[in-house]
file coords-v2.csv (CSV, C-alpha atoms and all ligand atoms)
chain,number,residue,atom,x,y,z
A,209,MET,CA,-10.3,26.4,-1.3
A,210,LYS,CA,-7.6,24.6,0.7
A,211,ILE,CA,-7.1,20.9,0.8
A,212,LEU,CA,-4.8,19.3,3.5
A,213,SER,CA,-3.5,15.9,2.6
A,214,ILE,CA,-2.1,13.5,5.2
A,215,ILE,CA,0.4,10.8,4.2
A,216,GLY,CA,3.0,9.0,6.3
A,217,ALA,CA,3.7,5.4,5.1
A,218,ARG,CA,5.2,4.0,1.9
A,219,PRO,CA,1.9,3.1,0.0
A,220,GLN,CA,0.5,6.6,0.8
A,221,PHE,CA,3.4,8.3,-1.0
A,222,ILE,CA,2.6,6.3,-4.1
A,223,LYS,CA,-1.2,6.8,-3.8
A,224,CYS,CA,-0.8,10.6,-3.5
A,225,THR,CA,1.5,11.1,-6.5
A,226,SER,CA,-1.1,11.4,-9.3
A,227,LEU,CA,-3.9,12.9,-7.0
A,228,SER,CA,-1.6,15.6,-5.6
A,229,ARG,CA,-0.7,16.6,-9.1
A,230,ALA,CA,-4.4,16.8,-10.1
A,231,ILE,CA,-5.4,18.7,-7.0
A,232,ARG,CA,-2.7,21.3,-7.3
A,233,LYS,CA,-4.0,22.3,-10.8
A,234,GLU,CA,-7.2,23.6,-9.1
A,235,TYR,CA,-6.7,24.0,-5.4
A,236,LYS,CA,-4.1,24.9,-2.8
A,237,GLU,CA,-2.8,21.7,-1.2
A,238,ILE,CA,-1.0,21.5,2.1
A,239,LEU,CA,0.9,18.3,2.5
A,240,VAL,CA,1.5,16.8,5.9
A,241,HIS,CA,3.9,13.8,6.4
A,242,THR,CA,3.4,12.2,9.7
A,243,GLY,CA,6.8,10.6,9.7
A,244,GLN,CA,5.4,7.1,10.3
A,245,HIS,CA,7.9,5.9,7.7
A,246,TYR,CA,11.2,7.7,7.8
A,247,ASP,CA,14.1,5.5,6.5
A,248,PRO,CA,15.4,7.1,3.2
A,249,GLU,CA,14.3,4.0,1.2
A,250,MET,CA,10.9,4.0,2.9
A,251,SER,CA,10.2,7.7,2.4
A,252,ASP,CA,12.7,10.2,0.8
A,253,ILE,CA,13.2,8.1,-2.3
A,254,PHE,CA,9.5,8.3,-3.3
A,255,PHE,CA,9.5,12.1,-3.0
A,256,LYS,CA,12.6,12.4,-5.2
A,257,GLU,CA,11.7,10.0,-7.9
A,258,LEU,CA,8.0,10.7,-8.2
A,259,ASP,CA,8.3,14.5,-7.9
A,260,ILE,CA,6.0,14.6,-4.8
A,261,PRO,CA,6.2,18.2,-3.5
A,262,GLU,CA,8.2,18.7,-0.3
A,263,PRO,CA,5.8,18.3,2.7
A,264,ASP,CA,4.7,21.5,4.3
A,265,TYR,CA,4.9,19.7,7.7
A,266,ASN,CA,6.8,16.6,8.8
A,267,LEU,CA,5.6,15.5,12.2
A,268,GLY,CA,8.5,13.1,12.7
A,269,VAL,CA,6.4,10.7,14.9
A,270,GLY,CA,8.5,7.6,14.0
A,271,SER,CA,7.9,4.1,15.3
A,272,SER,CA,6.1,3.1,18.5
A,273,SER,CA,3.1,1.2,19.7
A,274,HIS,CA,-0.2,1.8,18.0
A,275,GLY,CA,-1.7,3.9,20.7
A,276,GLU,CA,1.5,6.0,21.2
A,277,GLN,CA,2.0,6.5,17.4
A,278,THR,CA,-1.6,7.4,16.6
A,279,GLY,CA,-1.8,9.6,19.7
A,280,LYS,CA,1.3,11.6,18.8
A,281,MET,CA,-0.1,12.1,15.3
A,282,LEU,CA,-3.5,13.2,16.6
A,283,ILE,CA,-1.9,15.9,18.8
A,284,GLU,CA,0.3,17.3,16.1
A,285,ILE,CA,-2.3,17.1,13.3
A,286,GLU,CA,-4.9,19.0,15.4
A,287,LYS,CA,-2.4,21.9,15.9
A,288,ILE,CA,-1.9,22.1,12.1
A,289,LEU,CA,-5.6,21.9,11.3
A,290,LEU,CA,-6.3,24.8,13.8
A,291,LYS,CA,-3.6,26.9,12.1
A,292,GLU,CA,-4.3,26.1,8.5
A,293,LYS,CA,-8.1,25.8,8.7
A,294,PRO,CA,-8.5,23.7,5.5
A,295,ASP,CA,-11.8,23.1,3.8
A,296,LEU,CA,-11.2,19.4,3.4
A,297,ILE,CA,-8.6,16.9,4.5
A,298,LEU,CA,-7.6,13.9,2.3
A,299,VAL,CA,-6.5,10.6,3.9
A,300,TYR,CA,-5.4,7.5,2.1
A,301,GLY,CA,-5.7,3.8,2.7
A,302,ASP,CA,-5.7,2.2,6.2
A,303,THR,CA,-2.6,3.1,8.2
A,304,ASN,CA,-2.4,4.7,11.6
A,305,SER,CA,-1.7,8.0,9.8
A,306,THR,CA,-5.1,7.6,8.0
A,307,LEU,CA,-7.1,7.2,11.2
A,308,ALA,CA,-5.2,10.0,13.1
A,309,GLY,CA,-5.9,12.4,10.3
A,310,ALA,CA,-9.6,11.5,9.9
A,311,LEU,CA,-10.2,11.6,13.7
A,312,ALA,CA,-8.4,15.0,14.3
A,313,ALA,CA,-10.4,16.6,11.4
A,314,SER,CA,-13.8,15.2,12.2
A,315,LYS,CA,-13.6,16.5,15.8
A,316,LEU,CA,-12.9,20.0,14.4
A,317,HIS,CA,-15.8,19.7,12.0
A,318,ILE,CA,-13.5,19.7,9.0
A,319,LYS,CA,-14.8,17.6,6.1
A,320,VAL,CA,-12.9,14.3,5.5
A,321,ALA,CA,-12.3,12.6,2.2
A,322,HIS,CA,-11.1,9.0,2.3
A,323,VAL,CA,-9.3,7.6,-0.7
A,324,GLU,CA,-9.5,3.8,-0.9
A,325,ALA,CA,-12.7,3.7,1.2
A,326,GLY,CA,-14.9,0.6,1.8
A,327,LEU,CA,-12.2,-2.1,1.8
A,328,ARG,CA,-12.8,-4.9,4.2
A,329,SER,CA,-10.9,-8.0,5.1
A,330,PHE,CA,-13.5,-8.8,7.8
A,331,ASP,CA,-10.6,-9.6,10.1
A,332,ARG,CA,-10.5,-7.3,13.1
A,333,THR,CA,-7.2,-8.7,14.3
A,334,MET,CA,-5.6,-6.6,11.5
A,335,PRO,CA,-4.8,-3.1,12.7
A,336,GLU,CA,-5.6,-1.9,9.2
A,337,GLU,CA,-9.2,-3.2,9.4
A,338,ILE,CA,-9.8,-1.1,12.6
A,339,ASN,CA,-8.4,1.9,10.8
A,340,ARG,CA,-10.6,1.4,7.7
A,341,VAL,CA,-13.8,0.8,9.6
A,342,LEU,CA,-13.4,3.9,11.8
A,343,THR,CA,-12.1,6.2,9.0
A,344,ASP,CA,-15.0,5.3,6.8
A,345,ARG,CA,-17.5,5.9,9.6
A,346,ILE,CA,-16.3,9.6,10.0
A,347,SER,CA,-15.6,10.4,6.4
A,348,ASP,CA,-17.8,12.8,4.3
A,349,LEU,CA,-16.5,11.8,0.9
A,350,LEU,CA,-15.7,8.1,0.4
A,351,PHE,CA,-13.8,7.3,-2.7
A,352,CYS,CA,-14.0,3.6,-3.4
A,353,PRO,CA,-11.6,1.8,-5.7
A,354,THR,CA,-14.0,-1.1,-6.6
A,355,GLU,CA,-17.7,-2.0,-6.6
A,356,THR,CA,-17.1,-4.5,-3.8
A,357,ALA,CA,-16.0,-1.6,-1.6
A,358,VAL,CA,-19.2,0.3,-2.4
A,359,LEU,CA,-21.3,-2.7,-1.4
A,360,ASN,CA,-19.2,-3.2,1.8
A,361,LEU,CA,-20.1,0.4,2.8
A,362,LYS,CA,-23.8,-0.1,1.9
A,363,LYS,CA,-23.9,-3.2,4.2
A,364,GLU,CA,-22.7,-0.9,7.1
A,365,GLY,CA,-25.4,1.7,6.2
A,366,ILE,CA,-22.9,4.1,4.6
A,367,THR,CA,-24.5,5.4,1.3
A,368,THR,CA,-24.0,9.1,1.3
A,369,GLY,CA,-20.9,10.6,-0.3
A,370,VAL,CA,-19.9,7.2,-1.7
A,371,TYR,CA,-18.3,7.1,-5.2
A,372,ASN,CA,-16.6,4.3,-7.1
A,373,VAL,CA,-13.9,6.2,-8.9
A,374,GLY,CA,-11.5,3.3,-9.5
A,375,ASP,CA,-8.1,3.0,-7.9
A,376,VAL,CA,-5.6,5.8,-7.7
A,377,MET,CA,-2.8,3.2,-7.8
A,378,LEU,CA,-3.8,2.4,-11.4
A,379,ASP,CA,-3.3,6.1,-12.3
A,380,ALA,CA,0.1,6.0,-10.6
A,381,LEU,CA,1.1,2.8,-12.3
A,382,GLU,CA,0.0,3.9,-15.8
A,383,TYR,CA,1.9,7.2,-15.4
A,384,ASN,CA,5.1,5.5,-14.1
A,385,ILE,CA,5.4,2.2,-15.9
A,386,LYS,CA,7.0,3.6,-19.1
A,387,ILE,CA,9.3,5.8,-17.0
A,388,ALA,CA,10.3,2.7,-15.0
A,389,GLU,CA,10.9,0.6,-18.2
A,390,GLU,CA,13.2,3.4,-19.5
A,391,LYS,CA,15.0,4.4,-16.4
A,392,SER,CA,15.4,1.4,-14.1
A,393,MET,CA,18.3,-0.9,-14.6
A,394,VAL,CA,17.3,-3.2,-11.8
A,395,LEU,CA,17.3,-6.4,-13.8
A,396,ASP,CA,20.8,-5.8,-15.0
A,397,ASP,CA,21.9,-4.7,-11.6
A,398,LEU,CA,20.7,-7.9,-10.0
A,399,GLY,CA,21.7,-10.2,-12.9
A,400,LEU,CA,18.1,-11.3,-13.7
A,401,SER,CA,16.4,-12.4,-16.9
A,402,PRO,CA,12.8,-11.5,-17.6
A,403,LYS,CA,10.3,-14.2,-16.4
A,404,GLU,CA,13.1,-16.3,-14.8
A,405,TYR,CA,12.6,-15.0,-11.2
A,406,LEU,CA,9.9,-14.3,-8.6
A,407,VAL,CA,9.5,-11.1,-6.5
A,408,ALA,CA,8.5,-11.4,-2.8
A,409,THR,CA,7.4,-8.8,-0.2
A,410,VAL,CA,6.4,-9.5,3.4
A,411,HIS,CA,5.5,-7.0,6.1
A,412,ARG,CA,2.0,-7.9,7.5
A,413,ALA,CA,2.0,-8.2,11.3
A,414,SER,CA,0.3,-11.6,11.1
A,415,ASN,CA,3.4,-12.9,9.3
A,416,THR,CA,6.3,-10.9,10.8
A,417,ASP,CA,5.2,-11.1,14.5
A,418,SER,CA,4.8,-14.9,14.4
A,419,PHE,CA,7.9,-17.1,14.4
A,420,LYS,CA,5.8,-20.0,13.0
A,421,ASN,CA,4.5,-18.0,10.0
A,422,LEU,CA,7.7,-16.2,9.2
A,423,SER,CA,9.8,-19.4,9.4
A,424,SER,CA,7.3,-21.3,7.2
A,425,ILE,CA,7.6,-18.5,4.6
A,426,VAL,CA,11.4,-18.5,4.8
A,427,ASN,CA,11.6,-22.3,4.5
A,428,SER,CA,9.3,-22.3,1.5
A,429,PHE,CA,11.4,-19.6,-0.3
A,430,CYS,CA,14.5,-21.7,0.4
A,431,ASP,CA,13.1,-24.9,-0.9
A,432,VAL,CA,12.2,-23.9,-4.4
A,433,ASP,CA,14.5,-23.8,-7.4
A,434,ILE,CA,13.6,-20.5,-9.1
A,435,PRO,CA,15.5,-17.3,-7.9
A,436,ILE,CA,13.5,-15.1,-5.6
A,437,VAL,CA,14.2,-11.4,-5.2
A,438,PHE,CA,13.1,-10.1,-1.8
A,439,PRO,CA,13.2,-6.4,-1.0
A,440,VAL,CA,12.9,-6.5,2.7
A,441,HIS,CA,10.7,-4.1,4.7
A,442,PRO,CA,12.5,-2.9,7.9
A,443,ARG,CA,9.9,-4.5,10.1
A,444,THR,CA,10.5,-7.9,8.5
A,445,GLU,CA,14.3,-7.5,8.7
A,446,LYS,CA,14.0,-6.8,12.4
A,447,TYR,CA,12.0,-10.0,13.0
A,448,LEU,CA,14.1,-12.2,10.7
A,449,LYS,CA,17.2,-11.3,12.7
A,450,GLN,CA,15.4,-11.7,16.0
A,451,TYR,CA,14.2,-15.2,15.1
A,452,GLY,CA,17.6,-16.2,13.7
A,453,LEU,CA,16.2,-16.7,10.2
A,454,TRP,CA,18.2,-13.9,8.4
A,455,ASP,CA,21.3,-15.9,7.5
A,456,LYS,CA,19.4,-18.9,6.2
A,457,LEU,CA,17.2,-16.6,4.0
A,458,CYS,CA,20.2,-14.7,2.6
A,459,GLU,CA,22.0,-17.9,1.6
A,460,LYS,CA,19.3,-18.9,-0.8
A,461,VAL,CA,17.2,-15.8,-1.6
A,462,LYS,CA,18.3,-12.5,-3.2
A,463,VAL,CA,17.6,-10.3,-0.2
A,464,ILE,CA,17.8,-6.6,-1.0
A,465,PRO,CA,16.8,-3.3,0.8
A,466,PRO,CA,13.4,-1.8,0.0
A,467,LEU,CA,13.2,-0.4,-3.5
A,468,GLY,CA,12.0,2.8,-5.0
A,469,TYR,CA,8.7,2.6,-6.9
A,470,LEU,CA,10.2,2.7,-10.4
A,471,GLU,CA,12.6,-0.1,-9.6
A,472,MET,CA,9.8,-2.1,-7.9
A,473,LEU,CA,7.5,-1.7,-11.0
A,474,LYS,CA,10.2,-2.8,-13.3
A,475,LEU,CA,11.1,-5.8,-11.1
A,476,MET,CA,7.4,-6.8,-10.9
A,477,VAL,CA,6.4,-6.4,-14.5
A,478,HIS,CA,9.1,-8.8,-15.7
A,479,SER,CA,8.8,-11.3,-12.9
A,480,ARG,CA,7.2,-14.7,-13.4
A,481,LYS,CA,5.1,-14.6,-10.2
A,482,ILE,CA,4.8,-12.4,-7.2
A,483,LEU,CA,4.7,-13.5,-3.6
A,484,THR,CA,3.3,-11.0,-1.2
A,485,ASP,CA,1.1,-10.1,1.8
A,486,SER,CA,0.9,-6.4,0.7
A,487,GLY,CA,-2.4,-4.9,-0.3
A,488,GLY,CA,-0.8,-2.6,-2.9
A,489,VAL,CA,1.4,-5.3,-4.5
A,490,GLN,CA,-1.6,-7.7,-4.9
A,491,LYS,CA,-3.4,-5.0,-7.0
A,492,GLU,CA,-0.3,-4.1,-9.0
A,493,ALA,CA,0.3,-7.8,-9.8
A,494,TYR,CA,-3.2,-7.9,-11.3
A,495,MET,CA,-2.8,-4.6,-13.1
A,496,LEU,CA,0.5,-5.9,-14.6
A,497,GLY,CA,-0.9,-9.3,-15.4
A,498,VAL,CA,1.5,-11.2,-13.2
A,499,PRO,CA,0.2,-14.2,-11.2
A,500,CYS,CA,0.1,-13.3,-7.5
A,501,ILE,CA,0.5,-15.7,-4.5
A,502,THR,CA,-0.8,-14.0,-1.4
A,503,MET,CA,0.5,-15.2,1.9
A,504,ARG,CA,-2.6,-14.2,3.9
A,505,GLU,CA,-5.8,-16.0,4.9
A,506,ASN,CA,-8.0,-13.3,3.5
A,507,THR,CA,-7.8,-10.3,1.2
A,508,GLU,CA,-9.6,-7.0,0.6
A,509,TRP,CA,-9.0,-7.4,-3.1
A,510,VAL,CA,-11.4,-10.3,-3.6
A,511,GLU,CA,-11.9,-9.6,-7.3
A,512,THR,CA,-8.3,-10.5,-8.0
A,513,VAL,CA,-8.9,-14.0,-6.5
A,514,GLU,CA,-12.3,-14.4,-8.2
A,515,ASP,CA,-10.7,-13.5,-11.6
A,516,GLY,CA,-8.1,-16.3,-11.1
A,517,TRP,CA,-5.0,-14.1,-10.8
A,518,ASN,CA,-4.4,-14.3,-7.0
A,519,ALA,CA,-4.0,-17.4,-4.9
A,520,LEU,CA,-4.6,-17.1,-1.2
A,521,VAL,CA,-2.2,-19.5,0.6
A,522,GLY,CA,-1.7,-18.1,4.1
A,523,ALA,CA,1.6,-18.8,5.6
A,524,ASP,CA,1.3,-22.5,4.9
A,525,TYR,CA,4.6,-24.1,3.7
A,526,GLU,CA,3.0,-26.7,1.5
A,527,LYS,CA,0.6,-24.3,-0.2
A,528,ILE,CA,3.3,-21.7,-0.8
A,529,VAL,CA,5.7,-24.2,-2.4
A,530,ASP,CA,2.9,-25.8,-4.4
A,531,SER,CA,1.7,-22.5,-5.8
A,532,ILE,CA,5.2,-21.3,-6.6
A,533,ARG,CA,5.5,-24.5,-8.7
A,534,ASN,CA,2.0,-24.7,-10.2
A,535,PHE,CA,-0.1,-21.5,-9.9
A,536,GLU,CA,-0.2,-19.8,-13.3
A,537,GLY,CA,-3.0,-17.3,-13.0
A,538,ALA,CA,-5.7,-16.8,-15.6
A,539,THR,CA,-5.6,-15.7,-19.2
A,540,GLU,CA,-7.9,-12.7,-19.1
A,541,ARG,CA,-8.3,-9.7,-16.9
A,542,GLY,CA,-11.2,-7.3,-16.3
A,543,SER,CA,-11.1,-3.6,-15.4
A,544,ILE,CA,-11.9,-4.1,-11.7
A,545,PHE,CA,-9.8,-1.1,-10.7
A,546,GLY,CA,-11.4,1.3,-13.2
A,547,THR,CA,-9.9,3.1,-16.1
A,548,GLY,CA,-7.0,5.0,-14.6
A,549,ASN,CA,-9.0,8.2,-14.3
A,550,ALA,CA,-9.6,8.1,-10.5
A,551,CYS,CA,-7.7,11.3,-9.8
A,552,ILE,CA,-9.6,13.4,-12.3
A,553,ASP,CA,-12.9,12.0,-11.1
A,554,ILE,CA,-12.0,12.7,-7.5
A,555,CYS,CA,-11.2,16.3,-8.3
A,556,GLU,CA,-14.5,16.7,-10.2
A,557,ILE,CA,-16.5,15.3,-7.3
A,558,ILE,CA,-14.7,17.6,-4.8
A,559,ASN,CA,-15.5,20.5,-7.1
A,560,GLY,CA,-19.2,19.5,-7.1
A,561,TYR,CA,-19.2,19.0,-3.3
A,562,PHE,CA,-18.1,22.6,-2.5
A,601,LIG,C1,2.5,0.2,8.2
A,601,LIG,C2,1.0,0.1,8.2
A,601,LIG,C3,0.5,-0.9,7.2
A,601,LIG,C4,1.1,-0.7,5.8
A,601,LIG,C5,2.6,-0.6,5.9
A,601,LIG,C6,3.2,-0.2,4.6
A,601,LIG,C7,-0.2,0.6,10.3
A,601,LIG,C8,-0.8,0.1,11.5
A,601,LIG,N1,0.5,-0.2,9.5
A,601,LIG,O1,3.0,-1.0,8.6
A,601,LIG,O2,-0.9,-0.9,7.1
A,601,LIG,O3,0.8,-1.8,5.0
A,601,LIG,O4,2.9,0.5,6.8
A,601,LIG,O5,4.5,-0.5,4.5
A,601,LIG,O6,-0.3,1.8,10.1
A,601,LIG,N2,10.5,0.8,10.5
A,601,LIG,C9,11.7,1.2,10.2
A,601,LIG,N3,11.9,2.3,9.4
A,601,LIG,C10,10.8,2.9,8.8
A,601,LIG,C11,9.5,2.5,9.1
A,601,LIG,C12,9.4,1.4,10.0
A,601,LIG,O7,12.7,0.7,10.7
A,601,LIG,O8,11.0,3.9,8.1
A,601,LIG,C13,10.3,-0.4,11.4
A,601,LIG,C14,10.3,-0.1,12.9
A,601,LIG,O9,10.9,-1.1,13.5
A,601,LIG,C15,8.8,-0.1,13.1
A,601,LIG,C16,8.3,-1.2,12.2
A,601,LIG,O10,9.1,-1.1,11.0
A,601,LIG,O11,8.5,-0.4,14.5
A,601,LIG,C17,6.8,-1.1,11.8
A,601,LIG,O12,6.5,0.2,11.2
A,601,LIG,P1,5.1,0.8,11.3
A,601,LIG,O13,5.0,2.0,10.5
A,601,LIG,O14,4.6,0.8,12.7
A,601,LIG,O15,4.2,-0.4,10.6
A,601,LIG,P2,4.4,-1.1,9.3
A,601,LIG,O16,4.6,-2.6,9.6
A,601,LIG,O17,5.4,-0.4,8.4
A,602,LIG,N1,6.9,-1.0,-3.0
A,602,LIG,C1,8.0,-0.3,-3.3
A,602,LIG,N2,9.2,-0.8,-2.9
A,602,LIG,C2,9.3,-2.0,-2.2
A,602,LIG,C3,8.1,-2.7,-1.9
A,602,LIG,C4,6.9,-2.1,-2.3
A,602,LIG,O1,8.0,0.7,-4.0
A,602,LIG,O2,10.4,-2.4,-1.9
A,602,LIG,C5,5.6,-0.4,-3.4
A,602,LIG,C6,4.7,-1.3,-4.1
A,602,LIG,O3,5.0,-1.3,-5.5
A,602,LIG,C7,3.3,-0.7,-3.8
A,602,LIG,C8,3.5,-0.1,-2.4
A,602,LIG,O4,4.9,0.0,-2.2
A,602,LIG,O5,3.1,0.4,-4.7
A,602,LIG,C9,2.9,-1.1,-1.4
A,602,LIG,O6,3.3,-0.7,-0.2
A,602,LIG,P1,3.4,-1.7,1.1
A,602,LIG,O7,3.5,-3.1,0.5
A,602,LIG,O8,4.4,-1.2,1.9
A,602,LIG,O9,2.0,-1.5,1.8
A,602,LIG,P2,0.5,-2.0,1.7
A,602,LIG,O10,0.1,-1.8,0.2
A,602,LIG,O11,0.4,-3.4,2.1
A,602,LIG,O12,-0.3,-1.2,2.6
call {"tool": "encode", "arguments": {"input": "coords-v2.csv", "output": "structure tokens", "more": "lines below"}}
Ligand code: UD1
Ligand code: UDP
result
Amino acid sequence: MKILSIIGARPQFIKCTSLSRAIRKEYKEILVHTGQHYDPEMSDIFFKELDIPEPDYNLGVGSSSHGEQTGKMLIEIEKILLKEKPDLILVYGDTNSTLAGALAASKLHIKVAHVEAGLRSFDRTMPEEINRVLTDRISDLLFCPTETAVLNLKKEGITTGVYNVGDVMLDALEYNIKIAEEKSMVLDDLGLSPKEYLVATVHRASNTDSFKNLSSIVNSFCDVDIPIVFPVHPRTEKYLKQYGLWDKLCEKVKVIPPLGYLEMLKLMVHSRKILTDSGGVQKEAYMLGVPCITMRENTEWVETVEDGWNALVGADYEKIVDSIRNFEGATERGSIFGTGNACIDICEIINGYF
């Protein structure tokens, strides 16, 4: 049996690490990198430090508008599927690479498995929401990370092939956290002491593509007294420079290039709080027990808010500043993302399916 996995953006490299290892114990895996992310610190670093096998194909699609980027992927993925004839394709998350893979395969009657199925923000202005809804609709196996995701699918009438396996990012985190603690010197390199700094990430289109939102975020970061470390996504760097906000930010905040996963884990686990609009970082904050301030109006990871570990503040200056000063998170955490066995469970379900 042959499984073809499609990845292309930073979170997908992290999501595929543990599952790819598990899959290769039993099946032949063909790895396709769409090239959606291509800077060394957005792509190569993850393959090197996480021992992800070299992709069998790199489509090199690069950056462009949604239609052009997704269209290029579709054309190239179809050619590979016709050549490789896999039994199943695996797609991860909610990026344009996810949708392109699922669409190309389903038209060729190749079974599609979606890892991180059922997530909904109920905000169709997010490109990711469109990608999620469409991918789930054409998937045969839907691997949900939470019970909420299962219920979301049920409300859309999708009940066949749906499994709550927990979150593959918990498997990845548990495998890598000890390695990160041992290997990463990021705190020393940046001159930081544990629990005396915050970590920030921003890349969501609703924040980067709006001067009002991005300037409000920058102003709030500059007006608090605790050090903030900000590994900047290339999309955000581009807009910060375009809006004339870059120099102001760099004067007050520790602005650094995007980090590898091990460095990022170490930085997050020792931080006092995390500020983000990332889906993956919200989950990791919860898994690591670090209070999270989410600069979005909504989230797919509602359990983290319900449990008191995640504050949704949008891009509102007052709310960001107030939560940096006062939001402390809860005292207890549940096991909303499963037990860290998602990858083994996914392999067993695939086994039973064929
Ligand atoms: C994409 C995903 C988003 C995911 C994020 C993870 C879609 C629609 N969006 O957003 O869901 O959360 O990845 O990080 O699929 N760029 C570079 N170098 C790179 C990659 C990007 O400079 O290696 C710059 C380019 O200017 C590009 C911009 O970032 O136009 C946006 O990249 P793109 O992949 O289109 O979207 P992301 O914002 O990264
Ligand atoms: N991440 C990383 N380096 C960084 C920022 C994030 O390794 O500089 C990791 C983070 O720990 C998480 C994943 O990238 O595992 C999240 O990806 P991202 O925020 O780009 O996308 P999203 O999860 O929002 O789709």
call {"tool": "residues_near_ligand", "arguments": {"input": "coords-v2.csv", "ligand": "ligand LIG 601 (chain A)", "cutoff": "7 Å", "atoms": "only C-alpha atoms and all ligand atoms", "output": "list in words"}}
result
Ala217, Arg218, Pro219, Gln244, His245, Tyr246, Asp247, Met250, Ser251, Ser271, Ser272, His274, Asp302, Thr303, Asn304, Ser305, Pro335, Glu336, His411, Arg412, Ala413, Pro442, Arg443, Lys446, Ser486 and Gly487 of chain A
call {"tool": "write_last_selection", "arguments": {"input": "coords-v2.csv", "atoms": "C-alpha atoms", "output": "PDB file, in the coordinates of the input"}}
result
ATOM      1  CA  ALA A 217       3.700   5.400   5.100  1.00  0.00           C
ATOM      2  CA  ARG A 218       5.200   4.000   1.900  1.00  0.00           C
ATOM      3  CA  PRO A 219       1.900   3.100   0.000  1.00  0.00           C
ATOM      4  CA  GLN A 244       5.400   7.100  10.300  1.00  0.00           C
ATOM      5  CA  HIS A 245       7.900   5.900   7.700  1.00  0.00           C
ATOM      6  CA  TYR A 246      11.200   7.700   7.800  1.00  0.00           C
ATOM      7  CA  ASP A 247      14.100   5.500   6.500  1.00  0.00           C
ATOM      8  CA  MET A 250      10.900   4.000   2.900  1.00  0.00           C
ATOM      9  CA  SER A 251      10.200   7.700   2.400  1.00  0.00           C
ATOM     10  CA  SER A 271       7.900   4.100  15.300  1.00  0.00           C
ATOM     11  CA  SER A 272       6.100   3.100  18.500  1.00  0.00           C
ATOM     12  CA  HIS A 274      -0.200   1.800  18.000  1.00  0.00           C
ATOM     13  CA  ASP A 302      -5.700   2.200   6.200  1.00  0.00           C
ATOM     14  CA  THR A 303      -2.600   3.100   8.200  1.00  0.00           C
ATOM     15  CA  ASN A 304      -2.400   4.700  11.600  1.00  0.00           C
ATOM     16  CA  SER A 305      -1.700   8.000   9.800  1.00  0.00           C
ATOM     17  CA  PRO A 335      -4.800  -3.100  12.700  1.00  0.00           C
ATOM     18  CA  GLU A 336      -5.600  -1.900   9.200  1.00  0.00           C
ATOM     19  CA  HIS A 411       5.500  -7.000   6.100  1.00  0.00           C
ATOM     20  CA  ARG A 412       2.000  -7.900   7.500  1.00  0.00           C
ATOM     21  CA  ALA A 413       2.000  -8.200  11.300  1.00  0.00           C
ATOM     22  CA  PRO A 442      12.500  -2.900   7.900  1.00  0.00           C
ATOM     23  CA  ARG A 443       9.900  -4.500  10.100  1.00  0.00           C
ATOM     24  CA  LYS A 446      14.000  -6.800  12.400  1.00  0.00           C
ATOM     25  CA  SER A 486       0.900  -6.400   0.700  1.00  0.00           C
ATOM     26  CA  GLY A 487      -2.400  -4.900  -0.300  1.00  0.00           C
TER      27      GLY A 487
END
call {"tool": "residues_near_point", "arguments": {"input": "coords-v2.csv", "point": "(6.4, -0.5, -7.2)", "cutoff": "10 Å", "atoms": "only C-alpha atoms", "output": "number ranges by chain"}}
result
A: 219, 222, 377, 380-381, 384-385, 388, 467-477, 488-489, 492-493
call {"tool": "residues_around", "arguments": {"input": "coords-v2.csv", "residues": "segment 275-287 of chain A", "least_positions_apart": "6", "cutoff": "8 Å", "atoms": "all atoms listed in the file", "output": "PyMOL selection string"}}
result
chain A and resi 242+244+267+269+304-305+307-309+311-313
call {"tool": "write_last_selection", "arguments": {"input": "coords-v2.csv", "atoms": "C-alpha atoms", "output": "PDB file, in the coordinates of the input"}}
result
ATOM      1  CA  THR A 242       3.400  12.200   9.700  1.00  0.00           C
ATOM      2  CA  GLN A 244       5.400   7.100  10.300  1.00  0.00           C
ATOM      3  CA  LEU A 267       5.600  15.500  12.200  1.00  0.00           C
ATOM      4  CA  VAL A 269       6.400  10.700  14.900  1.00  0.00           C
ATOM      5  CA  ASN A 304      -2.400   4.700  11.600  1.00  0.00           C
ATOM      6  CA  SER A 305      -1.700   8.000   9.800  1.00  0.00           C
ATOM      7  CA  LEU A 307      -7.100   7.200  11.200  1.00  0.00           C
ATOM      8  CA  ALA A 308      -5.200  10.000  13.100  1.00  0.00           C
ATOM      9  CA  GLY A 309      -5.900  12.400  10.300  1.00  0.00           C
ATOM     10  CA  LEU A 311     -10.200  11.600  13.700  1.00  0.00           C
ATOM     11  CA  ALA A 312      -8.400  15.000  14.300  1.00  0.00           C
ATOM     12  CA  ALA A 313     -10.400  16.600  11.400  1.00  0.00           C
TER      13      ALA A 313
END
call {"tool": "residues_around", "arguments": {"input": "coords-v2.csv", "residues": "Glu536 of chain A", "least_positions_apart": "6", "cutoff": "10 Å", "atoms": "only C-alpha atoms", "output": "VMD selection string"}}
result
chain A and resid 480 to 481 498 to 501 516 to 519
call {"tool": "closest_residue", "arguments": {"input": "coords-v2.csv", "among": "A:Phe254, A:Tyr235, A:Trp509, A:Tyr494", "to": "ligand LIG 602 (chain A)", "atoms": "all atoms listed in the file"}}
result
A:Phe254
call {"tool": "atom_distance", "arguments": {"input": "coords-v2.csv", "atom1": "atom CA of Glu364 of chain A", "atom2": "atom CA of Leu349 of chain A"}}
result
15.4 Å
call {"tool": "residues_around", "arguments": {"input": "coords-v2.csv", "residues": "Ile425 of chain A", "least_positions_apart": "6", "cutoff": "9 Å", "atoms": "all atoms listed in the file", "output": "count of residues only"}}
result
6
call {"tool": "atom_distance", "arguments": {"input": "coords-v2.csv", "atom1": "atom CA of Val299 of chain A", "atom2": "atom CA of Ser414 of chain A"}}
result
24.3 Å
